[in-house]
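Okay, target.pdb is below, PDB, C-alpha atoms, pLDDT in the B column:
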```pdb
MODEL        1
ATOM      1  CA  MET A   2       0.000   0.000   0.000  1.00 70.00           C
ATOM      2  CA  ILE A   3       2.806   2.426   0.872  1.00 69.00           C
ATOM      3  CA  ASN A   4       4.620   1.537  -2.337  1.00 74.00           C
ATOM      4  CA  ASP A   5       1.448   2.306  -4.301  1.00 80.00           C
ATOM      5  CA  LEU A   6       1.089   5.617  -2.471  1.00 78.00           C
ATOM      6  CA  PHE A   7       4.683   6.651  -3.273  1.00 75.00           C
ATOM      7  CA  HIS A   8       4.272   5.558  -6.894  1.00 83.00           C
ATOM      8  CA  THR A   9       1.074   7.625  -7.248  1.00 86.00           C
ATOM      9  CA  THR A  10       2.606  10.730  -5.694  1.00 84.00           C
ATOM     10  CA  GLN A  11       5.647  10.425  -7.937  1.00 84.00           C
ATOM     11  CA  LYS A  12       3.469   9.897 -11.020  1.00 88.00           C
ATOM     12  CA  HIS A  13       1.429  13.042 -10.317  1.00 88.00           C
ATOM     13  CA  HIS A  14       4.420  15.129  -9.101  1.00 85.00           C
ATOM     14  CA  ILE A  15       3.086  15.484  -5.560  1.00 84.00           C
ATOM     15  CA  SER A  16       5.728  16.197  -2.948  1.00 83.00           C
ATOM     16  CA  ILE A  17       5.530  14.367   0.363  1.00 80.00           C
ATOM     17  CA  PRO A  18       7.099  15.919   3.477  1.00 82.00           C
ATOM     18  CA  LYS A  19      10.332  14.254   4.597  1.00 84.00           C
ATOM     19  CA  ASN A  20       8.865  13.039   7.871  1.00 85.00           C
ATOM     20  CA  TYR A  21       6.157  11.071   6.070  1.00 80.00           C
ATOM     21  CA  THR A  22       8.682   9.639   3.630  1.00 81.00           C
ATOM     22  CA  LEU A  23      10.839   8.446   6.522  1.00 85.00           C
ATOM     23  CA  LEU A  24       7.780   6.997   8.237  1.00 82.00           C
ATOM     24  CA  GLY A  25       6.847   5.110   5.068  1.00 79.00           C
ATOM     25  CA  LYS A  26      10.378   3.772   4.717  1.00 83.00           C
ATOM     26  CA  ALA A  27      10.332   2.610   8.347  1.00 86.00           C
ATOM     27  CA  LEU A  28       6.980   0.875   7.844  1.00 80.00           C
ATOM     28  CA  ILE A  29       8.212  -0.865   4.712  1.00 82.00           C
ATOM     29  CA  THR A  30      11.321  -2.043   6.576  1.00 87.00           C
ATOM     30  CA  LEU A  31       9.206  -3.194   9.532  1.00 84.00           C
ATOM     31  CA  GLU A  32       6.840  -5.076   7.239  1.00 82.00           C
ATOM     32  CA  GLY A  33       9.797  -6.791   5.567  1.00 84.00           C
ATOM     33  CA  ILE A  34      11.260  -7.848   8.916  1.00 88.00           C
ATOM     34  CA  VAL A  35       7.913  -9.122  10.229  1.00 85.00           C
ATOM     35  CA  THR A  36       7.274 -11.039   6.983  1.00 84.00           C
ATOM     36  CA  ASN A  37      10.721 -12.664   7.217  1.00 87.00           C
ATOM     37  CA  LEU A  38      10.110 -13.675  10.836  1.00 86.00           C
ATOM     38  CA  ASP A  39       6.565 -14.954  10.389  1.00 84.00           C
ATOM     39  CA  PRO A  40       4.989 -14.960   6.912  1.00 83.00           C
ATOM     40  CA  ASP A  41       1.503 -15.498   8.355  1.00 85.00           C
ATOM     41  CA  ILE A  42       1.448 -12.193  10.304  1.00 82.00           C
ATOM     42  CA  SER A  43       0.195  -9.096   8.511  1.00 79.00           C
ATOM     43  CA  VAL A  44       1.436  -5.719   9.750  1.00 75.00           C
ATOM     44  CA  LEU A  45      -1.740  -4.141   8.403  1.00 76.00           C
ATOM     45  CA  HIS A  46      -3.896  -6.426  10.591  1.00 81.00           C
ATOM     46  CA  LEU A  47      -1.705  -5.615  13.607  1.00 80.00           C
ATOM     47  CA  ALA A  48      -1.941  -1.851  13.049  1.00 80.00           C
ATOM     48  CA  GLU A  49      -5.652  -1.779  12.214  1.00 84.00           C
ATOM     49  CA  PRO A  50      -6.970  -1.504  15.825  1.00 88.00           C
ATOM     50  CA  TYR A  51      -4.579   1.373  16.560  1.00 86.00           C
ATOM     51  CA  GLY A  52      -5.549   3.186  13.374  1.00 82.00           C
ATOM     52  CA  HIS A  53      -9.234   2.722  14.173  1.00 85.00           C
ATOM     53  CA  LYS A  54      -8.727   4.124  17.683  1.00 88.00           C
ATOM     54  CA  LEU A  55      -6.744   7.080  16.305  1.00 84.00           C
ATOM     55  CA  LEU A  56      -9.473   7.910  13.786  1.00 83.00           C
ATOM     56  CA  LEU A  57     -12.142   7.803  16.495  1.00 84.00           C
ATOM     57  CA  GLU A  58     -10.105  10.128  18.710  1.00 82.00           C
ATOM     58  CA  ARG A  59      -9.261  12.537  15.933  1.00 79.00           C
ATOM     59  CA  PHE A  60     -12.753  12.728  14.440  1.00 80.00           C
ATOM     60  CA  ASN A  61     -14.709  12.519  17.679  1.00 83.00           C
ATOM     61  CA  PRO A  62     -17.887  14.554  17.065  1.00 84.00           C
ATOM     62  CA  GLN A  63     -17.795  16.059  20.540  1.00 86.00           C
ATOM     63  CA  GLN A  64     -14.177  17.152  20.126  1.00 83.00           C
ATOM     64  CA  LEU A  65     -14.807  18.511  16.616  1.00 82.00           C
ATOM     65  CA  THR A  66     -17.849  20.440  17.812  1.00 87.00           C
ATOM     66  CA  SER A  67     -15.876  21.928  20.683  1.00 88.00           C
ATOM     67  CA  LYS A  68     -13.062  23.007  18.363  1.00 88.00           C
ATOM     68  CA  ILE A  69     -15.473  24.533  15.842  1.00 89.00           C
ATOM     69  CA  TRP A  70     -17.295  26.385  18.648  1.00 91.00           C
ATOM     70  CA  ASP A  71     -14.013  27.802  20.010  1.00 92.00           C
ATOM     71  CA  ASP A  72     -12.984  28.925  16.530  1.00 91.00           C
ATOM     72  CA  LEU A  73     -16.365  30.561  15.932  1.00 92.00           C
ATOM     73  CA  LYS A  74     -16.110  32.491  19.219  1.00 92.00           C
ATOM     74  CA  LYS A  75     -12.637  33.692  18.278  1.00 92.00           C
ATOM     75  CA  TYR A  76     -13.771  34.785  14.825  1.00 90.00           C
ATOM     76  CA  ALA A  77     -16.819  36.534  16.295  1.00 91.00           C
ATOM     77  CA  ASP A  78     -14.619  38.490  18.717  1.00 90.00           C
ATOM     78  CA  ASP A  79     -12.349  39.488  15.843  1.00 88.00           C
ATOM     79  CA  ALA A  80     -15.347  40.503  13.719  1.00 89.00           C
ATOM     80  CA  PHE A  81     -16.708  42.744  16.480  1.00 90.00           C
ATOM     81  CA  GLN A  82     -13.337  44.447  16.871  1.00 90.00           C
ATOM     82  CA  LEU A  83     -12.890  44.967  13.127  1.00 89.00           C
ATOM     83  CA  PRO A  84     -15.047  48.134  12.693  1.00 90.00           C
ATOM     84  CA  SER A  85     -13.307  50.018  15.515  1.00 90.00           C
ATOM     85  CA  LEU A  86      -9.898  48.938  14.273  1.00 89.00           C
ATOM     86  CA  LEU A  87     -10.774  49.988  10.724  1.00 89.00           C
ATOM     87  CA  LYS A  88     -12.056  53.368  11.950  1.00 90.00           C
ATOM     88  CA  LYS A  89      -8.874  53.933  13.965  1.00 88.00           C
ATOM     89  CA  THR A  90      -6.677  52.988  11.001  1.00 86.00           C
ATOM     90  CA  LEU A  91      -8.526  55.281   8.603  1.00 86.00           C
ATOM     91  CA  SER A  92      -8.311  58.111  11.140  1.00 87.00           C
ATOM     92  CA  HIS A  93      -4.546  57.688  11.275  1.00 83.00           C
ATOM     93  CA  PHE A  94      -4.393  57.705   7.478  1.00 81.00           C
ATOM     94  CA  ASN A  95      -6.403  60.947   7.329  1.00 84.00           C
ATOM     95  CA  LYS A  96      -4.160  62.634   9.882  1.00 85.00           C
ATOM     96  CA  GLY A  97      -1.003  61.429   8.158  1.00 81.00           C
ATOM     97  CA  GLN A  98       0.090  59.516  11.246  1.00 79.00           C
ATOM     98  CA  VAL A  99       0.806  56.216   9.568  1.00 77.00           C
ATOM     99  CA  HIS A 100       4.184  54.788  10.505  1.00 76.00           C
ATOM    100  CA  MET A 101       5.795  51.784   8.962  1.00 75.00           C
ATOM    101  CA  GLU A 102       8.446  49.681  10.614  1.00 78.00           C
ATOM    102  CA  MET A 103      10.711  47.423   8.638  1.00 76.00           C
ATOM    103  CA  ASP A 104      13.312  45.121  10.034  1.00 77.00           C
ATOM    104  CA  LEU A 105      16.244  44.713   7.690  1.00 79.00           C
ATOM    105  CA  PRO A 106      18.838  42.735   9.625  1.00 77.00           C
ATOM    106  CA  GLN A 107      21.821  43.421   7.375  1.00 84.00           C
ATOM    107  CA  ILE A 108      21.058  47.054   6.452  1.00 83.00           C
ATOM    108  CA  GLU A 109      23.563  48.417   8.991  1.00 82.00           C
ATOM    109  CA  GLN A 110      26.322  46.287   7.529  1.00 83.00           C
ATOM    110  CA  LEU A 111      25.394  47.398   4.003  1.00 85.00           C
ATOM    111  CA  LEU A 112      25.329  51.075   5.009  1.00 85.00           C
ATOM    112  CA  LEU A 113      28.722  50.714   6.681  1.00 82.00           C
ATOM    113  CA  LYS A 114      30.177  49.211   3.509  1.00 84.00           C
ATOM    114  CA  LEU A 115      28.626  51.979   1.394  1.00 86.00           C
ATOM    115  CA  ASP A 116      30.080  54.579   3.760  1.00 82.00           C
ATOM    116  CA  ARG A 117      33.525  53.011   3.431  1.00 80.00           C
ATOM    117  CA  VAL A 118      33.251  52.955  -0.355  1.00 84.00           C
ATOM    118  CA  GLY A 119      32.182  56.616  -0.345  1.00 83.00           C
ATOM    119  CA  ASN A 120      35.110  57.574   1.886  1.00 76.00           C
ATOM    120  CA  ARG A 121      37.566  55.745  -0.350  1.00 78.00           C
ATOM    121  CA  ILE A 122      36.173  57.428  -3.449  1.00 85.00           C
ATOM    122  CA  SER A 123      36.407  60.826  -1.705  1.00 80.00           C
ATOM    123  CA  PHE A 124      39.975  60.033  -0.713  1.00 76.00           C
ATOM    124  CA  SER A 125      40.860  59.104  -4.303  1.00 79.00           C
ATOM    125  CA  ILE A 126      39.268  62.248  -5.740  1.00 84.00           C
ATOM    126  CA  ILE A 127      41.089  64.437  -3.222  1.00 77.00           C
ATOM    127  CA  LEU A 128      44.401  62.776  -4.072  1.00 77.00           C
ATOM    128  CA  LEU A 129      43.738  63.364  -7.765  1.00 83.00           C
ATOM    129  CA  ALA A 130      42.785  66.997  -7.175  1.00 80.00           C
ATOM    130  CA  PHE A 131      45.832  67.470  -4.959  1.00 75.00           C
ATOM    131  CA  SER A 132      48.151  66.131  -7.650  1.00 78.00           C
ATOM    132  CA  ILE A 133      46.496  68.254 -10.383  1.00 81.00           C
ATOM    133  CA  VAL A 134      46.829  71.422  -8.273  1.00 73.00           C
ATOM    134  CA  LEU A 135      50.480  70.654  -7.543  1.00 73.00           C
ATOM    135  CA  VAL A 136      51.246  70.008 -11.202  1.00 78.00           C
ATOM    136  CA  GLY A 137      49.501  73.246 -12.161  1.00 74.00           C
ATOM    137  CA  LEU A 138      51.413  75.218  -9.551  1.00 68.00           C
ATOM    138  CA  ILE A 139      54.752  73.701 -10.575  1.00 72.00           C
ATOM    139  CA  ILE A 140      54.110  74.358 -14.275  1.00 75.00           C
ATOM    140  CA  GLY A 141      52.897  77.886 -13.557  1.00 70.00           C
ATOM    141  CA  ASP A 142      55.933  78.641 -11.415  1.00 68.00           C
ATOM    142  CA  THR A 143      58.356  77.182 -13.948  1.00 72.00           C
ATOM    143  CA  PHE A 144      56.983  78.601 -17.188  1.00 72.00           C
ATOM    144  CA  GLY A 145      55.062  81.607 -15.955  1.00 64.00           C
ATOM    145  CA  ASN A 146      55.697  85.255 -16.866  1.00 65.00           C
ATOM    146  CA  HIS A 147      57.670  87.292 -14.439  1.00 62.00           C
ATOM    147  CA  THR A 148      55.125  89.777 -13.123  1.00 59.00           C
ATOM    148  CA  VAL A 149      54.299  91.171  -9.726  1.00 60.00           C
ATOM    149  CA  LEU A 150      52.335  87.981  -8.919  1.00 56.00           C
ATOM    150  CA  THR A 151      55.357  85.786  -9.565  1.00 58.00           C
ATOM    151  CA  HIS A 152      57.151  87.326  -6.613  1.00 65.00           C
ATOM    152  CA  ILE A 153      54.431  85.956  -4.286  1.00 67.00           C
ATOM    153  CA  PRO A 154      55.298  82.403  -3.213  1.00 70.00           C
ATOM    154  CA  ILE A 155      52.136  80.997  -4.806  1.00 66.00           C
ATOM    155  CA  LEU A 156      53.577  77.505  -4.992  1.00 65.00           C
ATOM    156  CA  GLY A 157      54.158  77.411  -1.247  1.00 72.00           C
ATOM    157  CA  ILE A 158      50.761  78.927  -0.392  1.00 73.00           C
ATOM    158  CA  GLY A 159      48.920  76.590  -2.765  1.00 69.00           C
ATOM    159  CA  LEU A 160      50.844  73.647  -1.450  1.00 72.00           C
ATOM    160  CA  ALA A 161      50.054  74.584   2.158  1.00 79.00           C
ATOM    161  CA  ILE A 162      46.317  74.992   1.406  1.00 76.00           C
ATOM    162  CA  ALA A 163      46.208  71.713  -0.524  1.00 72.00           C
ATOM    163  CA  ILE A 164      48.052  69.831   2.239  1.00 79.00           C
ATOM    164  CA  PHE A 165      45.751  71.333   4.882  1.00 82.00           C
ATOM    165  CA  MET A 166      42.630  70.281   2.949  1.00 76.00           C
ATOM    166  CA  PHE A 167      44.088  66.833   2.301  1.00 76.00           C
ATOM    167  CA  LEU A 168      44.994  66.257   5.944  1.00 82.00           C
ATOM    168  CA  SER A 169      41.646  67.527   7.239  1.00 79.00           C
ATOM    169  CA  ILE A 170      39.723  65.148   4.964  1.00 75.00           C
ATOM    170  CA  ILE A 171      42.002  62.230   5.856  1.00 76.00           C
ATOM    171  CA  PHE A 172      41.619  63.021   9.557  1.00 80.00           C
ATOM    172  CA  ALA A 173      37.804  63.134   9.233  1.00 75.00           C
ATOM    173  CA  ILE A 174      37.716  59.811   7.376  1.00 71.00           C
ATOM    174  CA  PHE A 175      39.990  58.016   9.847  1.00 75.00           C
ATOM    175  CA  ARG A 176      38.234  59.578  12.845  1.00 76.00           C
ATOM    176  CA  SER A 177      34.928  58.127  11.630  1.00 70.00           C
ATOM    177  CA  GLY A 178      36.560  54.684  11.570  1.00 67.00           C
ATOM    178  CA  ARG A 179      35.052  53.873   8.201  1.00 61.00           C
ATOM    179  CA  PHE A 180      37.983  53.639   5.845  1.00 59.00           C
TER     180      PHE A 180
ENDMDL
END
```
Any chance you could give the structure as structure tokens?
Amino acid sequence: MINDLFHTTQKHHISIPKNYTLLGKALITLEGIVTNLDPDISVLHLAEPYGHKLLLERFNPQQLTSKIWDDLKKYADDAFQLPSLLKKTLSHFNKGQVHMEMDLPQIEQLLLKLDRVGNRISFSIILLAFSIVLVGLIIGDTFGNHTVLTHIPILGIGLAIAIFMFLSIIFAIFRSGRF
């Protein structure tokens, strides 16, 4: 019987939970052992009284009626609370007081990684800008015209400002601990 059941479920692509599959395998093994020990004993005849008792317990009219009655009381209580709950919800919608909570367990880790990537990109852009400014200052100082402005140490001032900006950004990134 169990073999027929498994064949039918496989034929119609019905999945059986693992626990039932293991139970079926155990019953088939048990039946094989009992048949080898005594070919006249039928496992089905041995299990029939227990199955009958289980069916009577499970489908006891008194127990089913009690369960249905309890469920009906629960649903009735919920139905009576529904209008007030709906009114309260709609009132919150009208007032714009609707709040939504979402639990995203790995969002903090993702935001931390995004922050680190942003800091590294900022660091790279600042290094590039720093090198471009230095190259411009060096070229301007080397090939520039000799005017009143050339007597001002523009290379030193530009270098000092660029180094200050560079160090302040680096300090802020490292201080945040997200590099």
- Mind giving me the straight-line distance from CA of Gly137 in chain A to CA of Ile158 in chain A in Å, one decimal?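 Distance between the two atoms: 13.1 Å.
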Can you report as lines of an AutoDock Vina configuration file the centre and edge lengths in Å, to one decimal, of an axis-aligned box around the listed atoms of range 38-57 of chain A padded with 4 Å on each side?
```
center_x = -1.0
center_y = -3.8
center_z = 12.3
size_x = 30.3
size_y = 31.4
size_z = 18.8
```
- Record the distance separating CA of Ile140 in chain A and CA of Ser169 in chain A, expressed in Å with one decimal. 25.8 Å
- Task: Report as a ChimeraX atom specification the full result of the PyMOL selection byres ((chain A and resi 44) around 9) when it is applied to this structure.
- Result: /A:28,31-32,35-36,42-43,45-49
- Query: Asn4 in chain A: which residues within 9 Å, counting only C-alpha atoms, same-chain residues fewer than 4 positions away excluded, as a VMD selection string?
  - Reply: chain A and resid 8 to 9 25 29
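Across the structure, CA of Arg121 in chain A and CA of Ile171 in chain A are spaced 10.0 Å apart.
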- Please evaluate the PyMOL selection byres ((chain A and resi 131) around 10) against the structure above and give the resulting residues as an MDAnalysis selection string. chainID A and resid 125:130 132:137 159:160 162:164 166:167
- Task: Could you state which residues are captured by the PyMOL selection byres ((chain A and resi 101-117) around 12) in this file, as a list in words?
- Result: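 On the file shown, the PyMOL selection byres ((chain A and resi 101-117) around 12) covers Phe94, Gly97, Gln98, Val99, His100, Val118, Gly119, Asn120, Arg121, Ile122, Ser123, Phe124, Ile174, Phe175, Ser177, Gly178, Arg179 and Phe180 of chain A.
Nearest residue to Leu6 in chain A among A:Lys26, A:Pro50, A:Asn61, A:Lys75 is A:Lys26, counting only C-alpha atoms.
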